[in-house]
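Chemist: You'll find final-v3.txt just under this line, and it carries compact mmCIF, C-alpha atoms.
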```txt
# COMPACT_ATOMS: atom_id res chain seq x y z
CA MET A 326 154.45 2.79 73.98
CA SER A 327 153.97 -0.91 74.54
CA ASN A 328 154.87 -3.56 72.02
CA SER A 329 153.16 -6.92 72.68
CA ASN A 330 154.08 -8.67 69.42
CA LYS A 331 157.46 -10.04 70.47
CA GLY A 332 157.74 -13.78 69.71
CA THR A 333 159.26 -16.27 72.09
CA ALA A 334 161.58 -19.17 71.48
CA THR A 335 159.44 -21.61 73.38
CA VAL A 336 155.90 -22.91 73.11
CA THR A 337 154.24 -23.35 76.48
CA ILE A 338 152.66 -26.68 77.17
CA LEU A 339 149.32 -24.90 77.72
CA ALA A 340 149.22 -23.75 74.10
CA VAL A 341 149.72 -27.33 72.93
CA LEU A 342 147.14 -28.69 75.31
CA VAL A 343 144.41 -26.24 74.43
CA THR A 344 144.52 -27.36 70.81
CA LEU A 345 143.64 -30.86 72.02
CA ALA A 346 140.89 -29.84 74.42
CA VAL A 347 137.88 -30.24 72.12
CA ALA A 348 139.08 -33.51 70.65
CA GLY A 349 139.98 -34.86 74.07
CA GLY A 350 136.51 -34.09 75.43
CA GLY A 351 134.94 -35.75 72.41
CA GLY A 352 136.92 -38.87 73.13
CA TYR A 353 135.33 -39.27 76.53
CA MET A 354 131.88 -38.86 74.96
CA LEU A 355 132.51 -41.62 72.45
CA GLY A 356 133.59 -43.98 75.20
CA GLY A 357 130.51 -43.17 77.25
CA ARG A 358 128.22 -43.74 74.28
CA LEU A 359 129.60 -47.21 73.57
CA SER A 360 129.09 -48.37 77.14
CA GLN A 361 125.74 -46.60 77.82
CA PRO A 362 123.43 -47.06 74.82
CA GLU A 363 120.24 -46.43 76.74
CA VAL A 364 117.99 -43.56 75.71
CA GLN A 365 118.46 -40.92 78.38
CA ALA A 366 117.79 -37.21 78.30
CA VAL A 367 120.70 -34.82 78.59
CA ALA A 368 118.29 -31.87 78.49
CA THR A 369 114.59 -31.11 78.25
CA VAL A 370 112.83 -28.18 76.57
CA ASN A 371 109.21 -27.69 77.60
CA GLY A 372 109.08 -31.38 78.38
CA ASP A 373 110.65 -32.52 75.10
CA LYS A 374 113.86 -34.54 75.52
CA ILE A 375 117.25 -34.11 73.94
CA THR A 376 118.60 -37.63 74.28
CA LYS A 377 122.09 -39.01 74.57
CA THR A 378 121.50 -40.71 71.24
CA ALA A 379 120.64 -37.40 69.56
CA LEU A 380 123.66 -35.75 71.16
CA TYR A 381 125.90 -38.59 70.04
CA ASP A 382 124.56 -38.46 66.47
CA ARG A 383 125.12 -34.69 66.32
CA MET A 384 128.65 -34.97 67.67
CA ILE A 385 129.48 -37.77 65.25
CA LYS A 386 128.22 -35.68 62.36
CA GLU A 387 129.99 -32.47 63.37
CA ASN A 388 133.16 -33.59 65.15
CA GLY A 389 133.31 -37.36 65.01
CA ALA A 390 136.08 -37.77 62.45
CA THR A 391 138.34 -35.28 64.24
CA THR A 392 137.64 -36.81 67.65
CA VAL A 393 138.27 -40.37 66.53
CA ASP A 394 141.48 -39.30 64.81
CA GLN A 395 142.64 -37.74 68.08
CA MET A 396 141.73 -40.91 69.99
CA ILE A 397 143.74 -42.92 67.46
CA THR A 398 146.69 -40.59 68.05
CA GLU A 399 146.39 -41.03 71.83
CA LEU A 400 146.20 -44.82 71.51
CA LEU A 401 149.26 -44.93 69.25
CA VAL A 402 151.21 -42.89 71.79
CA GLU A 403 150.04 -45.19 74.61
CA GLN A 404 151.10 -48.27 72.62
CA GLU A 405 154.49 -46.71 71.87
CA ALA A 406 154.95 -45.75 75.53
CA LYS A 407 154.38 -49.37 76.56
CA LYS A 408 156.83 -50.62 73.94
CA THR A 409 159.51 -48.23 75.18
CA ASN A 410 158.72 -48.70 78.90
CA ASN A 411 157.81 -45.05 79.42
CA THR A 412 155.30 -44.36 82.18
CA VAL A 413 154.04 -41.07 83.58
CA THR A 414 153.47 -40.65 87.31
CA PRO A 415 150.95 -38.33 88.98
CA ALA A 416 153.90 -36.39 90.44
CA GLU A 417 155.24 -35.73 86.94
CA VAL A 418 151.84 -34.49 85.82
CA ASP A 419 151.57 -32.21 88.86
CA ALA A 420 155.03 -30.80 88.14
CA GLU A 421 153.99 -29.87 84.61
CA ILE A 422 150.74 -28.33 85.88
CA ALA A 423 152.84 -26.20 88.23
CA LYS A 424 154.87 -24.99 85.24
CA VAL A 425 151.67 -24.07 83.41
CA LYS A 426 150.42 -22.12 86.42
CA ALA A 427 153.68 -20.22 86.64
CA SER A 428 153.73 -19.49 82.90
CA VAL A 429 150.25 -17.92 82.92
CA GLY A 430 150.76 -15.88 86.09
CA GLY A 431 149.55 -17.93 89.06
CA GLU A 432 146.45 -19.66 90.40
CA ASP A 433 143.86 -17.02 89.44
CA ALA A 434 145.16 -16.63 85.88
CA PHE A 435 145.37 -20.43 85.58
CA ALA A 436 141.73 -20.83 86.63
CA GLN A 437 140.71 -18.15 84.14
CA ALA A 438 142.67 -19.88 81.36
CA LEU A 439 140.89 -23.16 82.06
CA ALA A 440 137.48 -21.49 82.15
CA SER A 441 138.07 -19.51 78.94
CA ASN A 442 138.97 -22.74 77.14
CA ASN A 443 136.05 -24.71 78.63
CA MET A 444 138.52 -27.14 80.17
CA THR A 445 138.53 -28.81 83.56
CA LEU A 446 141.65 -29.52 85.60
CA ASP A 447 141.18 -33.26 85.04
CA GLN A 448 141.01 -32.73 81.27
CA LEU A 449 144.17 -30.66 81.40
CA LYS A 450 145.91 -33.36 83.41
CA ASP A 451 144.98 -35.90 80.75
CA ARG A 452 146.47 -33.63 78.08
CA VAL A 453 149.59 -33.10 80.20
CA LYS A 454 149.98 -36.85 80.64
CA PHE A 455 149.78 -37.30 76.87
CA GLN A 456 152.36 -34.56 76.32
CA VAL A 457 154.78 -36.00 78.88
CA LYS A 458 154.52 -39.43 77.26
CA VAL A 459 155.45 -37.93 73.91
CA GLN A 460 158.32 -36.04 75.49
CA LYS A 461 159.70 -39.14 77.18
CA ILE A 462 159.56 -41.14 73.96
CA LEU A 463 161.12 -38.51 71.72
CA SER A 464 163.50 -36.73 74.10
CA LYS A 465 166.19 -39.41 73.76
CA ASP A 466 166.83 -38.05 70.26
CA ILE A 467 167.03 -34.40 71.34
CA LYS A 468 170.49 -33.10 72.17
CA THR A 469 170.61 -31.22 75.48
CA ASP A 470 174.33 -31.35 76.26
CA ASP A 471 175.94 -28.19 77.63
CA ALA A 472 177.44 -27.19 74.27
CA THR A 473 174.02 -27.33 72.57
CA LEU A 474 172.34 -25.45 75.42
CA GLN A 475 175.03 -22.75 75.49
CA GLU A 476 174.72 -22.22 71.75
CA TYR A 477 170.94 -21.83 72.08
CA PHE A 478 171.34 -19.45 75.03
CA LYS A 479 173.71 -17.20 73.09
CA ALA A 480 171.20 -16.96 70.24
CA HIS A 481 168.16 -16.37 72.47
CA ALA A 482 169.54 -14.75 75.64
CA SER A 483 166.85 -12.05 75.72
CA ASP A 484 164.15 -14.71 75.96
CA PHE A 485 165.52 -15.67 79.39
CA ASP A 486 166.01 -12.12 80.67
CA LYS A 487 163.63 -11.61 83.59
CA GLN A 488 164.97 -8.17 84.50
CA GLU A 489 162.50 -5.35 84.85
CA ILE A 490 163.14 -1.63 84.96
CA HIS A 491 161.13 1.31 86.25
CA ALA A 492 161.45 4.27 83.90
CA ARG A 493 159.78 7.51 82.93
CA HIS A 494 159.95 9.48 79.71
CA ILE A 495 158.96 12.64 77.91
CA LEU A 496 157.73 12.15 74.34
CA VAL A 497 157.87 14.92 71.72
CA ALA A 498 157.64 15.15 67.94
CA THR A 499 161.14 16.34 66.98
CA GLU A 500 164.76 15.80 67.95
CA ASP A 501 165.23 19.54 68.56
CA GLU A 502 162.38 19.53 71.11
CA ALA A 503 163.93 16.51 72.81
CA LYS A 504 167.33 18.21 72.97
CA ALA A 505 165.78 21.31 74.53
CA ILE A 506 164.04 19.18 77.18
CA LYS A 507 167.27 17.31 77.93
CA ALA A 508 169.02 20.65 78.43
CA GLN A 509 166.31 21.78 80.88
CA LEU A 510 166.57 18.56 82.84
CA ASP A 511 170.35 18.84 82.99
CA LYS A 512 169.86 22.26 84.61
CA GLY A 513 167.64 20.76 87.31
CA ALA A 514 164.10 21.03 85.88
CA ASP A 515 161.54 18.74 87.52
CA PHE A 516 161.07 15.70 85.28
CA ALA A 517 157.44 14.96 86.17
CA ALA A 518 156.38 18.59 85.84
CA LEU A 519 158.10 18.91 82.47
CA ALA A 520 156.47 15.67 81.28
CA LYS A 521 153.03 16.94 82.25
CA GLU A 522 153.69 20.16 80.38
CA LYS A 523 155.56 18.97 77.28
CA SER A 524 154.96 15.27 76.64
CA THR A 525 152.64 14.30 73.79
CA GLU A 526 151.78 11.00 75.47
CA PRO A 527 148.19 11.51 76.78
CA ALA A 528 148.84 9.60 80.01
CA ALA A 529 151.74 11.89 80.89
CA LYS A 530 149.34 14.63 81.93
CA THR A 531 148.58 12.65 85.07
CA SER A 532 151.49 10.18 85.29
CA GLY A 533 154.30 12.64 84.76
CA GLY A 534 155.67 10.22 82.16
CA ASP A 535 156.02 7.36 84.64
CA LEU A 536 155.81 3.99 82.85
CA GLY A 537 156.10 1.79 85.93
CA PHE A 538 158.04 -1.48 85.75
CA PHE A 539 158.38 -3.34 82.46
CA GLY A 540 160.50 -6.16 81.08
CA HIS A 541 162.04 -7.00 77.74
CA GLY A 542 159.67 -7.17 74.81
CA LYS A 543 157.06 -4.82 76.26
CA MET A 544 158.15 -1.56 74.64
CA ASP A 545 159.28 -0.26 71.27
CA PRO A 546 162.64 -1.98 70.57
CA ASP A 547 164.63 1.26 70.18
CA PHE A 548 163.10 2.75 73.32
CA GLU A 549 163.72 -0.48 75.24
CA LYS A 550 167.35 -0.74 74.17
CA ALA A 551 168.07 2.80 75.32
CA ALA A 552 166.17 2.45 78.60
CA PHE A 553 167.86 -0.80 79.62
CA ALA A 554 171.28 0.70 78.86
CA LEU A 555 170.86 3.51 81.41
CA LYS A 556 172.17 3.58 84.96
CA VAL A 557 169.75 4.28 87.81
CA LYS A 558 168.80 8.00 87.90
CA GLU A 559 170.57 8.61 84.56
CA ILE A 560 168.74 10.64 81.90
CA SER A 561 169.18 9.61 78.27
CA GLN A 562 170.11 11.62 75.23
CA PRO A 563 167.19 11.99 72.79
CA VAL A 564 165.99 8.56 71.59
CA LYS A 565 163.96 8.03 68.41
CA SER A 566 161.23 5.38 68.28
CA GLN A 567 158.21 4.72 66.10
CA PHE A 568 156.26 7.12 68.33
CA GLY A 569 158.59 10.12 68.16
CA TRP A 570 161.50 11.39 70.25
CA HIS A 571 161.99 10.48 73.91
CA VAL A 572 164.03 11.63 76.83
CA ILE A 573 164.16 8.72 79.29
CA GLN A 574 165.13 8.43 82.93
CA LEU A 575 165.80 5.08 84.61
CA LEU A 576 164.41 5.11 88.17
CA GLU A 577 165.10 1.60 89.50
CA THR A 578 165.69 -1.99 88.46
CA LYS A 579 164.74 -5.43 89.75
CA GLY A 580 165.55 -8.97 88.76
CA GLN A 581 168.72 -10.68 87.69
CA ALA A 582 170.53 -10.43 84.37
CA PRO A 583 170.43 -13.77 82.54
CA THR A 584 173.48 -16.00 82.58
CA PHE A 585 173.77 -19.50 81.22
CA GLU A 586 174.01 -20.94 84.73
CA ASN A 587 170.94 -19.21 86.16
CA SER A 588 168.96 -19.91 82.98
CA LYS A 589 170.12 -23.46 82.26
CA ALA A 590 166.92 -25.23 83.31
CA ALA A 591 164.76 -22.86 81.24
CA VAL A 592 167.14 -23.20 78.28
CA LYS A 593 166.90 -26.99 78.45
CA ASP A 594 163.08 -26.76 78.49
CA ALA A 595 163.18 -24.46 75.45
CA VAL A 596 165.54 -26.71 73.49
CA THR A 597 163.44 -29.75 74.37
CA SER A 598 160.23 -27.99 73.38
CA GLN A 599 161.69 -26.92 70.05
CA GLY A 600 163.00 -30.44 69.43
CA LEU A 601 159.61 -31.96 70.16
CA ASN A 602 157.89 -29.51 67.83
CA ASP A 603 160.39 -30.36 65.09
CA LYS A 604 160.09 -34.13 65.50
CA TYR A 605 156.49 -34.78 66.53
CA GLN A 606 154.61 -34.56 63.24
CA GLU A 607 157.04 -36.71 61.27
CA TRP A 608 157.13 -39.26 64.10
CA MET A 609 153.33 -39.44 64.37
CA THR A 610 152.93 -39.72 60.61
CA GLY A 611 155.38 -42.63 60.68
CA LEU A 612 153.43 -44.38 63.46
CA LYS A 613 150.16 -44.03 61.55
CA ASP A 614 151.73 -45.24 58.32
CA LYS A 615 153.02 -48.39 60.02
CA ALA A 616 149.87 -49.08 62.06
CA LYS A 617 146.84 -51.06 60.95
CA ILE A 618 144.04 -48.50 61.44
CA ASP A 619 140.40 -48.86 60.48
CA ASN A 620 138.64 -45.54 61.06
CA THR A 621 135.08 -45.80 59.79
CA LEU A 622 134.57 -42.04 60.26
CA ALA A 623 137.57 -40.98 58.21
CA PRO A 624 136.69 -39.01 55.06
CA LYS A 625 136.52 -41.25 52.02
CA LYS A 626 139.38 -40.77 49.57
```
Could the structure of this file be written out as structure tokens, please?

Modeler:
Amino acid sequence: MSNSNKGTATVTILAVLVTLAVAGGGGYMLGGRLSQPEVQAVATVNGDKITKTALYDRMIKENGATTVDQMITELLVEQEAKKTNNTVTPAEVDAEIAKVKASVGGEDAFAQALASNNMTLDQLKDRVKFQVKVQKILSKDIKTDDATLQEYFKAHASDFDKQEIHARHILVATEDEAKAIKAQLDKGADFAALAKEKSTEPAAKTSGGDLGFFGHGKMDPDFEKAAFALKVKEISQPVKSQFGWHVIQLLETKGQAPTFENSKAAVKDAVTSQGLNDKYQEWMTGLKDKAKIDNTLAPKK
């Protein structure tokens, strides 16, 4: 029943940061190498050393050009931030980290996300700081007046809908079967018992067709539209989806329907994020074109 392919209008900061994780880590290694040239083992195998020099040479060969290019990008952003008097405070970084935690589902999910991307909290904070600098520099050219935000909200209202509903259904192959089931329910038949007996959904044999709570974008679009349109305790007419024919009952709801006022902060974040995505590459290309850069690891043209 579920449909997990629904796109969103915004790109979370975590998605942007993860793409920088490997390059960011490489940057720290390059800095360490330049200041600590001594031969020192980072590992031993049966007494044989793997030295910092060997590690550095391997990293230069495999990832050096990419890492240095990322470091150049970071330095250009830092230089531009100084020119435009844009600084980032620890409190601002912490606020963005809090947003990331909320977007991935809390502390435990956040820790898992860091671990799965081989990233430490300090590395993430560095990436967040970079991202906030970019946002501060570019945001002056992004329109976030009420008219712009309202227009965006009207076009993407479902992206800000945090309502969830608790529903159950009976799935069958044909419309005639669904009509017959609806007629039985209208006469007082027990929904769960009928679902266990008639529904072609395997889980219904034990769940009685109960789908639990779900929000927008989690189910087949036609099923979702019909389910969200019901009143509590109401039973739908037969509904066709990609899976067959359903009879749906809405059991309860939670959450608040989206309005511009209760969604305004999230809408502003979405508009800003989209604006940054649209502007960033052209802006960075312009900075690099104007800068005097000598990257000895860059591929030869």

Chemist: Would you mind reading off the distance between CA of Leu449 in chain A and CA of Asn602 in chain A, one decimal, in Å?

Modeler: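 Computing it gives 19.3 Å between the two atoms.
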
Chemist: Which is closest to Gln562 in chain A among A:Ile495, A:Met444, A:Leu519, A:Ile618, if we use only C-alpha atoms?

Modeler: A:Ile495

Chemist: Residues within 9 Å of Lys454 in chain A, please, as a ChimeraX atom specification. Count all atoms listed in the file; anything in the same chain fewer than 5 positions from it doesn't count.

Modeler: /A:413-415,417-418,421,449,459

Chemist: Rounded to one decimal, what separation in Å do you get between CA of Gln456 in chain A and CA of Leu401 in chain A?

Modeler: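 Here the two named atoms are 12.9 Å from each other.
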
Chemist: Provide the CA of Leu612 in chain A to CA of Asn388 in chain A distance in Å, to one decimal place.

Modeler: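 Between these atoms lies a distance of 23.0 Å.
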
Chemist: From the options A:Ser532, A:Ser566, A:Gln574, A:Thr469, which residue's atoms come nearest to Arg493 in chain A, counting all atoms listed in the file?

Modeler: A:Gln574

Chemist: Quick one: residues within 9 Å of Pro546 in chain A, only C-alpha atoms counted, chain neighbours fewer than 4 positions away excluded, as a compact mmCIF listing (two decimals) with C-alpha atoms, in the coordinates of the input?

Modeler:
```
# COMPACT_ATOMS: atom_id res chain seq x y z
CA ASN A 328 154.87 -3.56 72.02
CA HIS A 541 162.04 -7.00 77.74
CA GLY A 542 159.67 -7.17 74.81
CA LYS A 550 167.35 -0.74 74.17
CA ALA A 551 168.07 2.80 75.32
CA SER A 566 161.23 5.38 68.28
```

Chemist: Go through A:Phe585, A:Phe539, A:Tyr381, A:Phe516 and flag the residue nearest Val572 in chain A, using only C-alpha atoms for the distances.

Modeler: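 Of all the options, A:Phe516 lies closest to Val572 in chain A.
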
Chemist: Using all atoms listed in the file, can you tell me which of A:Asn371, A:Asn442, A:Ser561, A:Thr621 comes closest to Ile385 in chain A?

Modeler: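 The answer is A:Thr621, which sits nearest to Ile385 in chain A.
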
Chemist: What's the 10 Å shell around Glu500 in chain A, counting all atoms listed in the file, without same-chain residues fewer than 4 positions away, as a list in words?

Modeler: Lys504, Ala505, Ile506, Gln562, Pro563, Val564, Lys565, Gly569, Trp570, His571 and Val572 of chain A

Chemist: With the cut-off set at 7 Å and counting all atoms listed in the file, tabulate each residue of range 434-536 of chain A with an atom at most that distance from an atom of range 586-594 of chain A, showing the nearest atom pair and its distance in Å to one decimal, ordered by chain and increasing number, as CSV.

Modeler:
```
residue,atom,partner,partner_atom,distance
A:Thr469,CA,A:Lys593,CA,6.4
A:Leu474,CA,A:Val592,CA,6.3
A:Phe478,CA,A:Val592,CA,6.5
A:Phe485,CA,A:Ser588,CA,6.5
```

Chemist: Filtering to C-alpha atoms, could you give me those residues as a compact mmCIF listing (two decimals), keeping the file's coordinate frame?

Modeler:
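Written out: out-v7.txt:
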```txt
# COMPACT_ATOMS: atom_id res chain seq x y z
CA THR A 469 170.61 -31.22 75.48
CA LEU A 474 172.34 -25.45 75.42
CA PHE A 478 171.34 -19.45 75.03
CA PHE A 485 165.52 -15.67 79.39
```

Chemist: Output range 456-467 of chain A as a PDB file, in the coordinates of the input, making sure all heavy atoms are there.

Modeler:
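That gives us rebuild-v4.pdb:
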```pdb
ATOM      1  N   GLN A 456     151.190 -35.327  76.748  1.00  0.00           N
ATOM      2  CA  GLN A 456     152.360 -34.560  76.320  1.00  0.00           C
ATOM      3  C   GLN A 456     153.650 -35.101  76.942  1.00  0.00           C
ATOM      4  O   GLN A 456     154.680 -35.193  76.271  1.00  0.00           O
ATOM      5  CB  GLN A 456     152.172 -33.092  76.717  1.00  0.00           C
ATOM      6  CG  GLN A 456     153.245 -32.151  76.193  1.00  0.00           C
ATOM      7  CD  GLN A 456     153.094 -31.867  74.721  1.00  0.00           C
ATOM      8  OE1 GLN A 456     152.125 -32.303  74.099  1.00  0.00           O
ATOM      9  NE2 GLN A 456     154.045 -31.161  74.151  1.00  0.00           N
ATOM     10  N   VAL A 457     153.593 -35.480  78.210  1.00  0.00           N
ATOM     11  CA  VAL A 457     154.780 -36.000  78.880  1.00  0.00           C
ATOM     12  C   VAL A 457     155.189 -37.349  78.281  1.00  0.00           C
ATOM     13  O   VAL A 457     156.382 -37.640  78.131  1.00  0.00           O
ATOM     14  CB  VAL A 457     154.565 -36.100  80.397  1.00  0.00           C
ATOM     15  CG1 VAL A 457     155.758 -36.766  81.083  1.00  0.00           C
ATOM     16  CG2 VAL A 457     154.350 -34.711  80.998  1.00  0.00           C
ATOM     17  N   LYS A 458     154.202 -38.166  77.927  1.00  0.00           N
ATOM     18  CA  LYS A 458     154.520 -39.430  77.260  1.00  0.00           C
ATOM     19  C   LYS A 458     155.284 -39.183  75.973  1.00  0.00           C
ATOM     20  O   LYS A 458     156.305 -39.824  75.694  1.00  0.00           O
ATOM     21  CB  LYS A 458     153.237 -40.211  76.945  1.00  0.00           C
ATOM     22  CG  LYS A 458     152.602 -40.930  78.113  1.00  0.00           C
ATOM     23  CD  LYS A 458     151.332 -41.612  77.639  1.00  0.00           C
ATOM     24  CE  LYS A 458     150.526 -42.157  78.820  1.00  0.00           C
ATOM     25  NZ  LYS A 458     149.229 -42.707  78.370  1.00  0.00           N
ATOM     26  N   VAL A 459     154.773 -38.254  75.169  1.00  0.00           N
ATOM     27  CA  VAL A 459     155.450 -37.930  73.910  1.00  0.00           C
ATOM     28  C   VAL A 459     156.864 -37.445  74.176  1.00  0.00           C
ATOM     29  O   VAL A 459     157.816 -37.856  73.509  1.00  0.00           O
ATOM     30  CB  VAL A 459     154.644 -36.852  73.139  1.00  0.00           C
ATOM     31  CG1 VAL A 459     155.442 -36.356  71.938  1.00  0.00           C
ATOM     32  CG2 VAL A 459     153.299 -37.410  72.689  1.00  0.00           C
ATOM     33  N   GLN A 460     157.003 -36.584  75.174  1.00  0.00           N
ATOM     34  CA  GLN A 460     158.320 -36.040  75.490  1.00  0.00           C
ATOM     35  C   GLN A 460     159.295 -37.139  75.904  1.00  0.00           C
ATOM     36  O   GLN A 460     160.451 -37.154  75.475  1.00  0.00           O
ATOM     37  CB  GLN A 460     158.207 -35.000  76.604  1.00  0.00           C
ATOM     38  CG  GLN A 460     159.537 -34.365  76.984  1.00  0.00           C
ATOM     39  CD  GLN A 460     159.370 -33.215  77.944  1.00  0.00           C
ATOM     40  OE1 GLN A 460     158.365 -32.521  77.917  1.00  0.00           O
ATOM     41  NE2 GLN A 460     160.344 -33.010  78.800  1.00  0.00           N
ATOM     42  N   LYS A 461     158.827 -38.064  76.734  1.00  0.00           N
ATOM     43  CA  LYS A 461     159.700 -39.140  77.180  1.00  0.00           C
ATOM     44  C   LYS A 461     160.149 -40.028  76.017  1.00  0.00           C
ATOM     45  O   LYS A 461     161.296 -40.465  75.953  1.00  0.00           O
ATOM     46  CB  LYS A 461     158.993 -39.991  78.237  1.00  0.00           C
ATOM     47  CG  LYS A 461     158.924 -39.331  79.606  1.00  0.00           C
ATOM     48  CD  LYS A 461     158.435 -40.315  80.643  1.00  0.00           C
ATOM     49  CE  LYS A 461     158.584 -39.758  82.050  1.00  0.00           C
ATOM     50  NZ  LYS A 461     158.321 -40.765  83.085  1.00  0.00           N
ATOM     51  N   ILE A 462     159.235 -40.273  75.085  1.00  0.00           N
ATOM     52  CA  ILE A 462     159.560 -41.140  73.960  1.00  0.00           C
ATOM     53  C   ILE A 462     160.543 -40.475  73.008  1.00  0.00           C
ATOM     54  O   ILE A 462     161.506 -41.091  72.537  1.00  0.00           O
ATOM     55  CB  ILE A 462     158.272 -41.539  73.197  1.00  0.00           C
ATOM     56  CG1 ILE A 462     157.361 -42.385  74.094  1.00  0.00           C
ATOM     57  CG2 ILE A 462     158.612 -42.300  71.917  1.00  0.00           C
ATOM     58  CD1 ILE A 462     155.953 -42.549  73.557  1.00  0.00           C
ATOM     59  N   LEU A 463     160.328 -39.196  72.739  1.00  0.00           N
ATOM     60  CA  LEU A 463     161.120 -38.510  71.720  1.00  0.00           C
ATOM     61  C   LEU A 463     162.376 -37.822  72.264  1.00  0.00           C
ATOM     62  O   LEU A 463     163.296 -37.531  71.495  1.00  0.00           O
ATOM     63  CB  LEU A 463     160.263 -37.454  71.011  1.00  0.00           C
ATOM     64  CG  LEU A 463     159.085 -37.966  70.187  1.00  0.00           C
ATOM     65  CD1 LEU A 463     158.378 -36.808  69.507  1.00  0.00           C
ATOM     66  CD2 LEU A 463     159.549 -38.980  69.145  1.00  0.00           C
ATOM     67  N   SER A 464     162.407 -37.547  73.568  1.00  0.00           N
ATOM     68  CA  SER A 464     163.500 -36.730  74.100  1.00  0.00           C
ATOM     69  C   SER A 464     164.865 -37.394  73.985  1.00  0.00           C
ATOM     70  O   SER A 464     165.891 -36.705  73.984  1.00  0.00           O
ATOM     71  CB  SER A 464     163.221 -36.368  75.562  1.00  0.00           C
ATOM     72  OG  SER A 464     163.121 -37.530  76.362  1.00  0.00           O
ATOM     73  N   LYS A 465     164.889 -38.715  73.877  1.00  0.00           N
ATOM     74  CA  LYS A 465     166.190 -39.410  73.760  1.00  0.00           C
ATOM     75  C   LYS A 465     166.930 -38.990  72.510  1.00  0.00           C
ATOM     76  O   LYS A 465     168.164 -39.138  72.415  1.00  0.00           O
ATOM     77  CB  LYS A 465     165.971 -40.924  73.769  1.00  0.00           C
ATOM     78  CG  LYS A 465     165.249 -41.485  72.559  1.00  0.00           C
ATOM     79  CD  LYS A 465     165.050 -42.978  72.660  1.00  0.00           C
ATOM     80  CE  LYS A 465     164.459 -43.581  71.394  1.00  0.00           C
ATOM     81  NZ  LYS A 465     163.146 -43.008  71.050  1.00  0.00           N
ATOM     82  N   ASP A 466     166.206 -38.475  71.513  1.00  0.00           N
ATOM     83  CA  ASP A 466     166.830 -38.050  70.260  1.00  0.00           C
ATOM     84  C   ASP A 466     167.066 -36.550  70.191  1.00  0.00           C
ATOM     85  O   ASP A 466     167.424 -36.020  69.130  1.00  0.00           O
ATOM     86  CB  ASP A 466     165.948 -38.486  69.075  1.00  0.00           C
ATOM     87  CG  ASP A 466     165.813 -40.005  68.989  1.00  0.00           C
ATOM     88  OD1 ASP A 466     166.827 -40.684  69.238  1.00  0.00           O
ATOM     89  OD2 ASP A 466     164.706 -40.483  68.688  1.00  0.00           O
ATOM     90  N   ILE A 467     166.835 -35.856  71.302  1.00  0.00           N
ATOM     91  CA  ILE A 467     167.030 -34.400  71.340  1.00  0.00           C
ATOM     92  C   ILE A 467     168.302 -34.095  72.132  1.00  0.00           C
ATOM     93  O   ILE A 467     168.425 -34.494  73.292  1.00  0.00           O
ATOM     94  CB  ILE A 467     165.819 -33.696  71.983  1.00  0.00           C
ATOM     95  CG1 ILE A 467     164.564 -33.969  71.160  1.00  0.00           C
ATOM     96  CG2 ILE A 467     166.068 -32.193  72.092  1.00  0.00           C
ATOM     97  CD1 ILE A 467     163.287 -33.481  71.817  1.00  0.00           C
TER      98      ILE A 467
END
```
